[in-house]
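my_file.tsv, holding TSV, C-alpha atoms:
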chain	number	residue	atom	x	y	z
G	1	MET	CA	23.22	-5.67	-90.02
G	2	ARG	CA	26.81	-5.39	-88.80
G	3	CYS	CA	28.50	-2.87	-86.50
G	4	THR	CA	30.35	-0.21	-88.51
G	5	ARG	CA	33.24	-0.33	-86.04
G	6	CYS	CA	33.77	-3.94	-84.96
G	7	GLY	CA	31.67	-6.02	-87.36
G	8	GLY	CA	29.56	-7.49	-84.54
G	9	ARG	CA	25.78	-7.65	-84.60
G	10	ALA	CA	24.39	-4.13	-84.79
G	11	VAL	CA	21.59	-3.15	-82.40
G	12	VAL	CA	21.37	0.58	-83.16
G	13	GLU	CA	21.19	2.05	-86.64
G	14	LEU	CA	21.99	5.75	-86.99
G	15	ARG	CA	20.77	6.78	-90.39
G	16	ARG	CA	22.01	10.35	-89.89
G	17	HIS	CA	25.55	8.98	-89.73
G	18	ASN	CA	24.92	6.20	-92.26
G	19	ALA	CA	26.24	3.83	-89.60
G	20	ALA	CA	25.17	1.08	-87.22
G	21	PHE	CA	26.69	-0.10	-83.95
G	22	CYS	CA	26.73	-3.03	-81.56
G	23	ALA	CA	25.80	-2.36	-77.94
G	24	ASP	CA	29.36	-1.75	-76.74
G	25	CYS	CA	30.48	0.42	-79.66
G	26	PHE	CA	27.29	2.48	-79.50
G	27	GLN	CA	27.84	3.29	-75.84
G	28	GLY	CA	31.37	4.38	-76.72
G	29	VAL	CA	30.06	6.61	-79.51
G	30	PHE	CA	27.46	8.09	-77.16
G	31	ARG	CA	30.01	8.89	-74.46
G	32	ASN	CA	32.35	10.42	-77.04
G	33	GLN	CA	29.61	12.74	-78.26
G	34	VAL	CA	28.92	13.89	-74.69
G	35	ALA	CA	32.65	14.39	-74.06
G	36	ARG	CA	32.95	16.37	-77.28
G	37	ALA	CA	30.07	18.66	-76.24
G	38	ILE	CA	31.60	19.21	-72.79
G	39	ASP	CA	35.04	19.99	-74.25
G	40	GLU	CA	33.88	22.11	-77.19
G	41	TYR	CA	31.86	24.46	-74.99
G	42	GLU	CA	34.05	24.12	-71.87
G	43	MET	CA	30.92	23.20	-69.93
G	44	PHE	CA	32.64	22.08	-66.74
G	45	GLY	CA	35.79	20.45	-65.44
G	46	PRO	CA	36.54	17.39	-63.30
G	47	ASP	CA	36.53	19.42	-60.08
G	48	ASP	CA	33.26	21.24	-60.67
G	49	ARG	CA	30.13	20.36	-58.70
G	50	ILE	CA	27.34	19.60	-61.14
G	51	LEU	CA	23.64	19.63	-60.27
G	52	VAL	CA	21.79	17.40	-62.74
G	53	ALA	CA	18.11	18.23	-63.27
G	54	VAL	CA	16.51	14.78	-63.26
G	55	SER	CA	12.94	13.91	-64.18
G	56	GLY	CA	12.98	10.10	-64.27
G	57	GLY	CA	12.93	10.17	-68.07
G	58	LYS	CA	15.49	8.74	-70.47
G	59	ASP	CA	17.39	11.95	-71.21
G	60	SER	CA	18.13	13.18	-67.70
G	61	LEU	CA	18.94	9.70	-66.36
G	62	ALA	CA	21.17	8.93	-69.36
G	63	LEU	CA	22.96	12.23	-68.76
G	64	TRP	CA	23.41	11.52	-65.06
G	65	ASP	CA	24.70	8.04	-65.88
G	66	VAL	CA	27.28	9.32	-68.38
G	67	LEU	CA	28.52	11.97	-65.98
G	68	LEU	CA	28.83	9.51	-63.09
G	69	GLU	CA	30.61	7.01	-65.35
G	70	GLY	CA	32.95	9.81	-66.42
G	71	GLY	CA	33.91	10.46	-62.80
G	72	TYR	CA	32.23	13.84	-62.53
G	73	HIS	CA	30.82	15.18	-59.26
G	74	ALA	CA	27.23	14.95	-60.43
G	75	GLU	CA	24.35	15.12	-57.97
G	76	GLY	CA	20.68	14.90	-58.89
G	77	LEU	CA	17.78	17.20	-58.14
G	78	TYR	CA	14.24	15.98	-58.72
G	79	LEU	CA	11.31	18.38	-58.69
G	80	GLY	CA	7.96	16.89	-57.64
G	81	LEU	CA	5.42	18.47	-59.98
G	82	GLY	CA	2.30	16.88	-58.48
G	83	ILE	CA	1.10	15.32	-61.74
G	84	GLY	CA	-0.62	12.37	-60.08
G	85	GLU	CA	0.70	8.84	-60.59
G	86	TYR	CA	2.96	10.03	-63.41
G	87	SER	CA	4.95	12.10	-60.93
G	88	ASP	CA	4.95	9.26	-58.39
G	89	ARG	CA	6.36	6.79	-60.91
G	90	SER	CA	8.92	9.31	-62.16
G	91	HIS	CA	10.11	9.93	-58.62
G	92	ASP	CA	10.33	6.19	-57.85
G	93	ARG	CA	12.47	5.58	-60.96
G	94	THR	CA	14.78	8.45	-60.05
G	95	ILE	CA	15.23	7.24	-56.47
G	96	ALA	CA	15.96	3.69	-57.69
G	97	PHE	CA	18.55	4.99	-60.18
G	98	ALA	CA	20.32	7.01	-57.48
G	99	GLU	CA	20.29	4.14	-54.99
G	100	GLN	CA	21.71	1.66	-57.52
G	101	ARG	CA	24.63	3.98	-58.19
G	102	GLY	CA	25.13	5.37	-54.70
G	103	ALA	CA	24.51	8.84	-56.11
G	104	SER	CA	23.25	11.83	-54.17
G	105	LEU	CA	19.67	12.88	-54.96
G	106	ARG	CA	17.71	15.78	-53.54
G	107	THR	CA	13.97	16.21	-54.01
G	108	ILE	CA	11.93	19.42	-53.94
G	109	ASP	CA	8.15	19.15	-53.80
G	110	LEU	CA	6.60	22.07	-55.68
G	111	ALA	CA	3.31	22.00	-53.76
G	112	SER	CA	4.96	21.82	-50.33
G	113	GLU	CA	7.46	24.52	-51.15
G	114	GLN	CA	5.46	26.94	-53.27
G	115	GLY	CA	1.81	26.16	-52.54
G	116	PHE	CA	0.82	24.98	-56.02
G	117	ASP	CA	1.38	22.05	-58.34
G	118	ILE	CA	1.37	21.93	-62.13
G	119	PRO	CA	-2.24	20.74	-62.60
G	120	LEU	CA	-3.40	23.68	-60.43
G	121	ALA	CA	-1.18	26.03	-62.45
G	122	GLY	CA	-2.85	24.81	-65.65
G	123	ARG	CA	-6.30	25.54	-64.24
G	124	LYS	CA	-5.66	28.82	-62.46
G	125	GLY	CA	-2.79	30.61	-64.15
G	126	ALA	CA	-2.63	32.70	-67.31
G	127	ARG	CA	0.12	30.51	-68.76
G	128	SER	CA	-0.08	26.92	-70.00
G	129	SER	CA	0.86	24.14	-67.60
G	130	CYS	CA	3.95	23.40	-69.76
G	131	ALA	CA	5.09	27.02	-69.48
G	132	VAL	CA	4.68	27.10	-65.69
G	133	CYS	CA	6.37	23.70	-65.43
G	134	GLY	CA	9.41	24.93	-67.38
G	135	LEU	CA	9.48	28.21	-65.47
G	136	SER	CA	9.26	26.43	-62.10
G	137	LYS	CA	12.05	24.02	-63.02
G	138	ARG	CA	14.43	26.75	-64.13
G	139	TYR	CA	13.67	28.89	-61.10
G	140	LEU	CA	13.93	26.13	-58.48
G	141	PHE	CA	16.92	24.37	-60.05
G	142	ASN	CA	18.77	27.66	-60.19
G	143	ARG	CA	17.92	28.52	-56.60
G	144	ALA	CA	18.90	25.06	-55.37
G	145	ALA	CA	22.20	25.32	-57.25
G	146	LEU	CA	22.94	28.73	-55.72
G	147	GLU	CA	22.05	27.58	-52.21
G	148	GLY	CA	24.00	24.35	-52.58
G	149	GLY	CA	27.13	26.02	-53.97
G	150	TYR	CA	27.06	24.11	-57.28
G	151	ASP	CA	29.13	25.37	-60.20
G	152	VAL	CA	26.72	24.37	-62.92
G	153	VAL	CA	23.23	23.01	-63.64
G	154	ALA	CA	23.16	20.29	-66.32
G	155	THR	CA	19.95	19.42	-68.17
G	156	GLY	CA	19.11	16.53	-70.51
G	157	HIS	CA	18.05	18.60	-73.53
G	158	ASN	CA	18.84	16.58	-76.64
G	159	LEU	CA	19.28	17.41	-80.34
G	160	ASP	CA	15.56	16.92	-81.04
G	161	ASP	CA	14.60	19.32	-78.23
G	162	GLU	CA	17.02	21.93	-79.51
G	163	ALA	CA	16.11	21.53	-83.19
G	164	ALA	CA	12.40	21.82	-82.37
G	165	THR	CA	13.00	25.00	-80.38
G	166	LEU	CA	15.09	26.49	-83.15
G	167	LEU	CA	12.46	25.57	-85.73
G	168	GLY	CA	9.68	27.20	-83.70
G	169	ASN	CA	11.62	30.40	-83.22
G	170	THR	CA	12.77	30.49	-86.84
G	171	LEU	CA	9.21	30.07	-88.15
G	172	ARG	CA	8.33	33.23	-86.23
G	173	TRP	CA	11.72	34.91	-86.76
G	174	ASN	CA	12.02	35.54	-83.06
G	175	VAL	CA	15.54	36.85	-83.43
G	176	GLU	CA	16.05	37.56	-79.73
G	177	TYR	CA	15.02	34.05	-78.73
G	178	ILE	CA	17.20	32.51	-81.40
G	179	ALA	CA	20.13	34.59	-80.16
G	180	ARG	CA	19.77	33.07	-76.68
G	181	GLN	CA	19.75	29.43	-77.79
G	182	ALA	CA	23.10	27.87	-76.93
G	183	PRO	CA	24.52	24.73	-75.30
G	184	VAL	CA	25.86	26.90	-72.48
G	185	LEU	CA	24.09	29.77	-70.73
G	186	PRO	CA	26.88	31.52	-68.83
G	187	ALA	CA	26.58	32.45	-65.16
G	188	VAL	CA	25.60	35.98	-64.29
G	189	GLU	CA	24.99	37.44	-60.86
G	190	GLY	CA	22.26	35.30	-59.29
G	191	LEU	CA	22.04	32.81	-62.17
G	192	VAL	CA	24.13	29.64	-62.16
G	193	ARG	CA	25.79	28.44	-65.37
G	194	LYS	CA	23.51	26.10	-67.31
G	195	VAL	CA	24.70	23.44	-69.76
G	196	LYS	CA	23.22	20.87	-72.16
G	197	PRO	CA	25.77	18.09	-72.67
G	198	LEU	CA	23.35	15.93	-74.75
G	199	HIS	CA	22.74	18.55	-77.44
G	200	ARG	CA	24.64	16.52	-80.07
G	201	LEU	CA	22.54	13.36	-79.48
G	202	THR	CA	19.06	12.53	-80.74
G	203	GLU	CA	16.17	11.17	-78.71
G	204	LEU	CA	16.60	7.81	-80.38
G	205	GLU	CA	20.20	7.74	-79.20
G	206	THR	CA	19.48	8.77	-75.60
G	207	ALA	CA	16.67	6.18	-75.44
G	208	ALA	CA	18.92	3.47	-76.87
G	209	TYR	CA	21.73	4.38	-74.47
G	210	ALA	CA	19.36	4.32	-71.47
G	211	PHE	CA	17.99	0.95	-72.56
G	212	LEU	CA	21.42	-0.60	-73.13
G	213	ARG	CA	22.60	0.67	-69.76
G	214	GLY	CA	19.64	-1.00	-68.08
G	215	ILE	CA	18.20	2.29	-66.89
G	216	ASP	CA	14.58	1.84	-65.79
G	217	TYR	CA	13.24	5.18	-66.99
G	218	VAL	CA	9.65	6.39	-67.28
G	219	VAL	CA	8.43	5.55	-70.78
G	220	GLU	CA	4.98	7.03	-70.45
G	221	GLU	CA	4.44	10.59	-71.57
G	222	CYS	CA	3.44	13.40	-69.23
G	223	PRO	CA	-0.39	13.41	-69.34
G	224	LEU	CA	-0.41	17.21	-69.62
G	225	VAL	CA	1.84	17.42	-72.67
G	226	ALA	CA	-0.67	16.47	-75.39
G	227	GLY	CA	-0.84	19.21	-78.01
G	228	ASN	CA	2.33	20.85	-76.71
G	229	THR	CA	3.81	23.19	-79.31
G	230	GLN	CA	7.25	21.63	-78.99
G	231	LEU	CA	5.82	18.19	-79.78
G	232	ARG	CA	4.34	19.48	-83.03
G	233	TYR	CA	7.66	20.94	-84.09
G	234	LYS	CA	9.39	17.67	-83.26
G	235	GLU	CA	6.95	15.80	-85.46
G	236	SER	CA	7.60	18.25	-88.29
G	237	MET	CA	11.35	17.84	-87.92
G	238	ASN	CA	10.98	14.07	-87.90
G	239	ALA	CA	8.98	14.19	-91.13
G	240	ILE	CA	11.85	16.06	-92.80
G	241	GLU	CA	14.42	13.74	-91.23
G	242	ALA	CA	12.62	10.64	-92.52
G	243	ARG	CA	13.17	11.81	-96.09
G	244	SER	CA	16.54	13.47	-95.52
G	245	PRO	CA	18.52	11.69	-92.79
G	246	GLY	CA	20.88	14.16	-91.13
G	247	ALA	CA	18.71	17.22	-91.82
G	248	LYS	CA	17.97	17.73	-88.13
G	249	THR	CA	21.65	17.55	-87.27
G	250	GLN	CA	22.61	19.97	-90.02
G	251	PHE	CA	19.86	22.36	-88.96
G	252	PHE	CA	20.84	22.59	-85.29
G	253	LEU	CA	24.58	21.94	-85.30
G	254	GLY	CA	24.84	24.14	-88.40
G	255	TYR	CA	23.11	26.89	-86.45
G	256	LEU	CA	25.61	26.54	-83.61
G	257	ASP	CA	28.52	26.62	-86.03
G	258	ARG	CA	27.44	29.32	-88.47
G	259	GLY	CA	24.18	30.90	-87.30
G	260	MET	CA	24.78	31.51	-83.58
G	261	PRO	CA	27.68	33.95	-84.07
G	262	ILE	CA	25.51	36.07	-86.37
G	263	PHE	CA	22.42	36.01	-84.15
G	264	ARG	CA	24.48	36.85	-81.08
G	265	SER	CA	24.93	40.36	-82.48
G	266	ALA	CA	21.13	40.80	-82.24
G	267	ARG	CA	21.13	40.04	-78.55
G	268	GLU	CA	19.94	42.92	-76.40
G	269	GLU	CA	21.79	43.59	-73.18
G	270	VAL	CA	19.40	44.04	-70.29
G	271	THR	CA	19.94	45.28	-66.77
G	272	LEU	CA	18.86	42.82	-64.12
G	273	SER	CA	17.95	43.67	-60.55
G	274	ALA	CA	16.69	41.64	-57.59
G	275	CYS	CA	13.06	40.49	-57.63
G	276	ALA	CA	11.14	42.45	-54.96
G	277	ARG	CA	9.70	39.20	-53.59
G	278	CYS	CA	12.41	36.54	-53.85
G	279	GLY	CA	15.63	38.33	-54.77
G	280	GLN	CA	16.38	36.37	-57.95
G	281	PRO	CA	17.50	38.45	-60.96
G	282	THR	CA	14.83	40.00	-63.16
G	283	PRO	CA	14.57	42.85	-65.64
G	284	GLY	CA	11.32	43.94	-63.94
G	285	THR	CA	10.07	44.51	-60.40
G	286	TYR	CA	9.15	40.86	-59.87
G	287	CYS	CA	10.59	37.78	-61.57
G	288	ALA	CA	8.46	35.70	-63.93
G	289	PHE	CA	8.16	32.89	-61.39
G	290	CYS	CA	6.85	35.14	-58.62
G	291	ARG	CA	4.36	36.76	-61.01
G	292	ALA	CA	3.13	33.35	-62.18
G	293	ARG	CA	2.93	32.05	-58.61
G	294	ALA	CA	0.88	35.07	-57.50
G	295	GLN	CA	-1.49	34.61	-60.43
G	296	ILE	CA	-2.01	30.93	-59.63
G	297	LEU	CA	-2.53	31.47	-55.91
G	298	GLY	CA	-4.64	34.59	-56.36
G	299	GLU	CA	-2.18	36.66	-54.33
G	300	HIS	CA	-1.51	40.34	-54.82
G	301	LEU	CA	2.08	41.45	-55.06
G	302	THR	CA	2.86	44.64	-53.11
G	303	PRO	CA	3.91	47.01	-54.56
G	304	ALA	CA	1.77	46.09	-57.58
G	305	PRO	CA	3.87	45.16	-60.61
G	306	PRO	CA	3.62	47.26	-63.76
G	307	ALA	CA	1.80	45.72	-66.73
G	308	GLU	CA	3.70	42.65	-67.85
G	309	ASP	CA	5.96	43.28	-70.82
G	310	PRO	CA	6.12	40.03	-72.82
G	311	ARG	CA	9.67	40.90	-73.89
G	312	ASP	CA	10.76	41.02	-70.26
G	313	VAL	CA	9.11	37.66	-69.62
G	314	ALA	CA	10.86	36.20	-72.62
G	315	ARG	CA	14.22	37.44	-71.41
G	316	GLU	CA	13.80	35.65	-68.11
G	317	LEU	CA	12.68	32.38	-69.55
G	318	SER	CA	15.15	30.05	-71.07
G	319	GLU	CA	15.13	29.48	-74.78
G	320	GLU	CA	13.23	26.19	-74.82
G	321	VAL	CA	9.93	27.84	-73.91
G	322	LEU	CA	8.27	28.96	-77.09
G	323	PRO	CA	6.53	32.30	-77.38
G	324	GLY	CA	3.03	30.83	-77.52
G	325	GLU	CA	3.67	29.21	-74.17
G	326	ILE	CA	5.21	32.33	-72.69
G	327	TYR	CA	2.23	34.46	-73.57
G	328	GLY	CA	-0.27	31.90	-72.40
G	329	VAL	CA	-2.06	31.33	-75.67
G	330	PRO	CA	-5.33	29.49	-74.95
G	331	ALA	CA	-5.09	25.73	-75.44
G	332	GLU	CA	-7.59	25.73	-78.31
G	333	ALA	CA	-5.45	28.19	-80.26
G	334	ARG	CA	-2.21	26.28	-79.85
N	1	MET	CA	3.25	-11.99	-83.72
N	2	LYS	CA	2.33	-9.70	-80.84
N	3	VAL	CA	3.37	-6.04	-80.81
N	4	VAL	CA	3.25	-4.06	-77.57
N	5	LEU	CA	2.60	-0.38	-78.18
N	6	ARG	CA	2.94	2.35	-75.56
N	7	ASN	CA	1.22	5.58	-74.55
N	8	PRO	CA	-1.32	4.18	-73.97
N	9	ASP	CA	-0.12	0.61	-73.42
N	10	ARG	CA	-1.84	-1.86	-75.77
N	11	GLU	CA	-1.11	-5.04	-77.70
N	12	VAL	CA	-1.89	-5.80	-81.33
N	13	ASP	CA	-1.55	-8.96	-83.43
N	14	ILE	CA	0.20	-8.55	-86.74
N	15	ALA	CA	1.76	-10.83	-89.35
N	16	GLY	CA	5.34	-11.84	-88.52
N	17	ASP	CA	8.13	-13.65	-90.36
N	18	ARG	CA	9.37	-10.46	-92.01
N	19	LEU	CA	11.69	-7.51	-91.43
N	20	VAL	CA	11.16	-5.01	-88.61
N	21	ARG	CA	11.11	-2.31	-91.27
N	22	GLU	CA	8.08	-3.94	-92.88
N	23	VAL	CA	6.27	-4.27	-89.55
N	24	LEU	CA	6.84	-0.58	-88.82
N	25	ILE	CA	5.56	0.41	-92.26
N	26	ASP	CA	2.40	-1.61	-91.56
N	27	LEU	CA	1.97	0.26	-88.29
N	28	ALA	CA	2.77	3.62	-89.95
N	29	ILE	CA	5.61	4.20	-87.51
N	30	ASP	CA	8.78	6.15	-88.37
N	31	PRO	CA	11.69	3.86	-87.38
N	32	ASP	CA	13.72	6.81	-86.08
N	33	THR	CA	11.09	7.54	-83.43
N	34	VAL	CA	10.98	4.17	-81.67
N	35	LEU	CA	13.07	1.47	-80.05
N	36	VAL	CA	12.09	-2.03	-81.14
N	37	ILE	CA	12.73	-4.54	-78.37
N	38	ARG	CA	12.51	-8.34	-78.42
N	39	ALA	CA	13.35	-10.44	-75.37
N	40	GLY	CA	15.39	-7.64	-73.82
N	41	GLU	CA	17.39	-6.89	-76.98
N	42	LEU	CA	17.22	-3.98	-79.39
N	43	LEU	CA	16.41	-4.73	-83.03
N	44	THR	CA	17.28	-2.68	-86.10
N	45	ARG	CA	15.02	-2.19	-89.12
N	46	HIS	CA	16.90	-4.97	-90.87
N	47	ASP	CA	16.31	-7.68	-88.27
N	48	ARG	CA	13.71	-10.35	-88.99
N	49	VAL	CA	10.88	-11.08	-86.56
N	50	GLY	CA	8.99	-14.37	-86.38
N	51	ASP	CA	5.32	-15.20	-86.07
N	52	ALA	CA	5.77	-16.37	-82.49
N	53	ASP	CA	7.70	-13.30	-81.37
N	54	LYS	CA	6.54	-10.64	-78.94
N	55	VAL	CA	8.01	-7.25	-79.73
N	56	GLU	CA	7.75	-3.94	-77.88
N	57	VAL	CA	7.68	-0.76	-79.95
N	58	ARG	CA	8.72	1.96	-77.51
N	59	PRO	CA	8.45	5.63	-78.53
N	60	VAL	CA	11.45	7.85	-77.88
N	61	ILE	CA	9.86	11.29	-78.25
N	62	SER	CA	9.53	13.23	-75.06
N	63	GLY	CA	7.46	16.37	-75.04
N	64	GLY	CA	8.27	18.16	-71.84
N	65	ALA	CA	11.56	19.96	-71.30
N	66	VAL	CA	13.50	19.05	-68.13

Please express the file's structure as structure tokens.
Amino acid sequence: MRCTRCGGRAVVELRRHNAAFCADCFQGVFRNQVARAIDEYEMFGPDDRILVAVSGGKDSLALWDVLLEGGYHAEGLYLGLGIGEYSDRSHDRTIAFAEQRGASLRTIDLASEQGFDIPLAGRKGARSSCAVCGLSKRYLFNRAALEGGYDVVATGHNLDDEAATLLGNTLRWNVEYIARQAPVLPAVEGLVRKVKPLHRLTELETAAYAFLRGIDYVVEECPLVAGNTQLRYKESMNAIEARSPGAKTQFFLGYLDRGMPIFRSAREEVTLSACARCGQPTPGTYCAFCRARAQILGEHLTPAPPAEDPRDVARELSEEVLPGEIYGVPAEAR
Amino acid sequence: MKVVLRNPDREVDIAGDRLVREVLIDLAIDPDTVLVIRAGELLTRHDRVGDADKVEVRPVISGGAV
């Protein structure tokens, strides 16, 4: 198979584009797609300070690599989740990546800082471990970005992540959640701007890019993720894609182009105030993170919070957490 | 040929001297969900693998959001 651009030996076939590329041309295509995403949504500029949420996996390290190669001021933040050897290996890979590139990496250990890790959250809390993991990441990345004076938090969400989220919310017609799904979540008081520069690229493409760049990422899957709702939606999307190459792209990028403007009109404006415990913005008395943390640690918040309104929780969580995870549906029902 | 599969890591013996596409069909693997790697190089579905080859089939799906 020959490269569509230069005629050299192809190493990556992209059926959704009916094209194939050699190693060099593919990396060029990949970088162009990231640049297009950054430009189209005015994610950040060359002078902005970017905090990249890194996990040691292919997506976040590929993103960090592209941004560093592009000359951006991109620094990494790794969150230690306490998931045994999986977390240890993820951290080691992230440190090695940063050292090889002379990039700045900061690490936050969830257990040291907040008194719980993700396995404990899965056993003690009312939410699934995946939901608490996502909630903790968003909360701590945002806080670190605020404290560090960063302009933007960049995450490695790819096209498959976004299409799976959109599929899950569409199956339930969760109009408010759909309305919040976007490549850029703008800054509001207390919340740093959040961007997803890989949203035009599939998992296959981020994995191929990471491999071709020699990035030693963690291949193994998180041991807690089995049965995750998002994984099931990804598998469903892949089944459609196998028969109709490009369907995933048309579904998500078509939503951004033609669906998002319509759903935006369904978005409810909410008034945010400071969480009574930590000060981060929330529509309620306490933010979702502080409520989850108190549940896990068996602490009582004073004054006692009113009964949790799932709609308030949903507003605080970013769009990639699906409703079943937000509401803490028992594992056997998921 | 030997095929290294991941999550969990394991190795299987399978007939070689055919296209990657045919190997993946045998293993019931969607080619858009894996990287196929031989001796440090990526292969496409249309590349041929030999009986003496050792090939890694590496999944690309990640479940947890960053």

**Study point:** Polymer residues at most 10 Å from (9.1, -2.8, -89.0) by only C-alpha atoms, as a ChimeraX atom specification
**Key:** /N:16,18-31,36,43-49,57

Practice item. Kindly give the distance, in Å, that separates CA of Arg264 in chain G and CA of Gln230 in chain G, rounded to a single decimal. Key: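 A separation of 23.1 Å between them.
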
Exercise for review: Would you give me, as a PyMOL selection string, the residues of chain N that come within 9 Å of chain G, using only C-alpha atoms?
Suggested key: chain N and resi 6-9+30-35+41-47+58-66

Exercise for review: In Å, rounded to a single decimal, give me how far CA of Asp216 in chain G is from CA of Ile95 in chain G.
Suggested key: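 Distance between the two atoms: 10.8 Å.
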
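Here CA of Val218 in chain G and CA of Ile50 in chain G stand 22.9 Å from one another.
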
Point to revise | Top pick for closest residue to Gly40 in chain N, considering G:Arg213, G:Leu191, G:Ala182, G:Leu272 and counting only C-alpha atoms | key: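 Nearest candidate to Gly40 in chain N out of G:Arg213, G:Leu191, G:Ala182, G:Leu272: G:Arg213.
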
Exercise for review: May I ask which of the residues G:Arg5, G:Arg267, G:Gly115, G:Asp39 is the closest one to Phe26 in chain G, counting only C-alpha atoms?
Suggested key: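 For Phe26 in chain G, the nearest of the candidates is G:Arg5.
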
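Every polymer residue reaching to within 9 Å of (18.1, 30.9, -77.3), counting only C-alpha atoms, appears in this list: G:Thr165, G:Leu166, G:Asn169, G:Val175, G:Glu176, G:Tyr177, G:Ile178, G:Ala179, G:Arg180, G:Gln181, G:Ala182, G:Leu185, G:Ser318, G:Glu319, G:Glu320.
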
**Study point:** Contacts of Phe44 in chain G at 9 Å (only C-alpha atoms; same-chain gap of 5+ positions) as a ChimeraX atom specification
**Key:** /G:38-39,49-50,151-152,195

Review point. Residues at most 10 Å from Glu11 in chain N, counting all atoms listed in the file, excluding those fewer than 2 positions away in the same chain, as JSON, numbers by chain?
Key: {"N": [2, 3, 4, 5, 6, 8, 9, 13, 14, 54, 55, 56]}
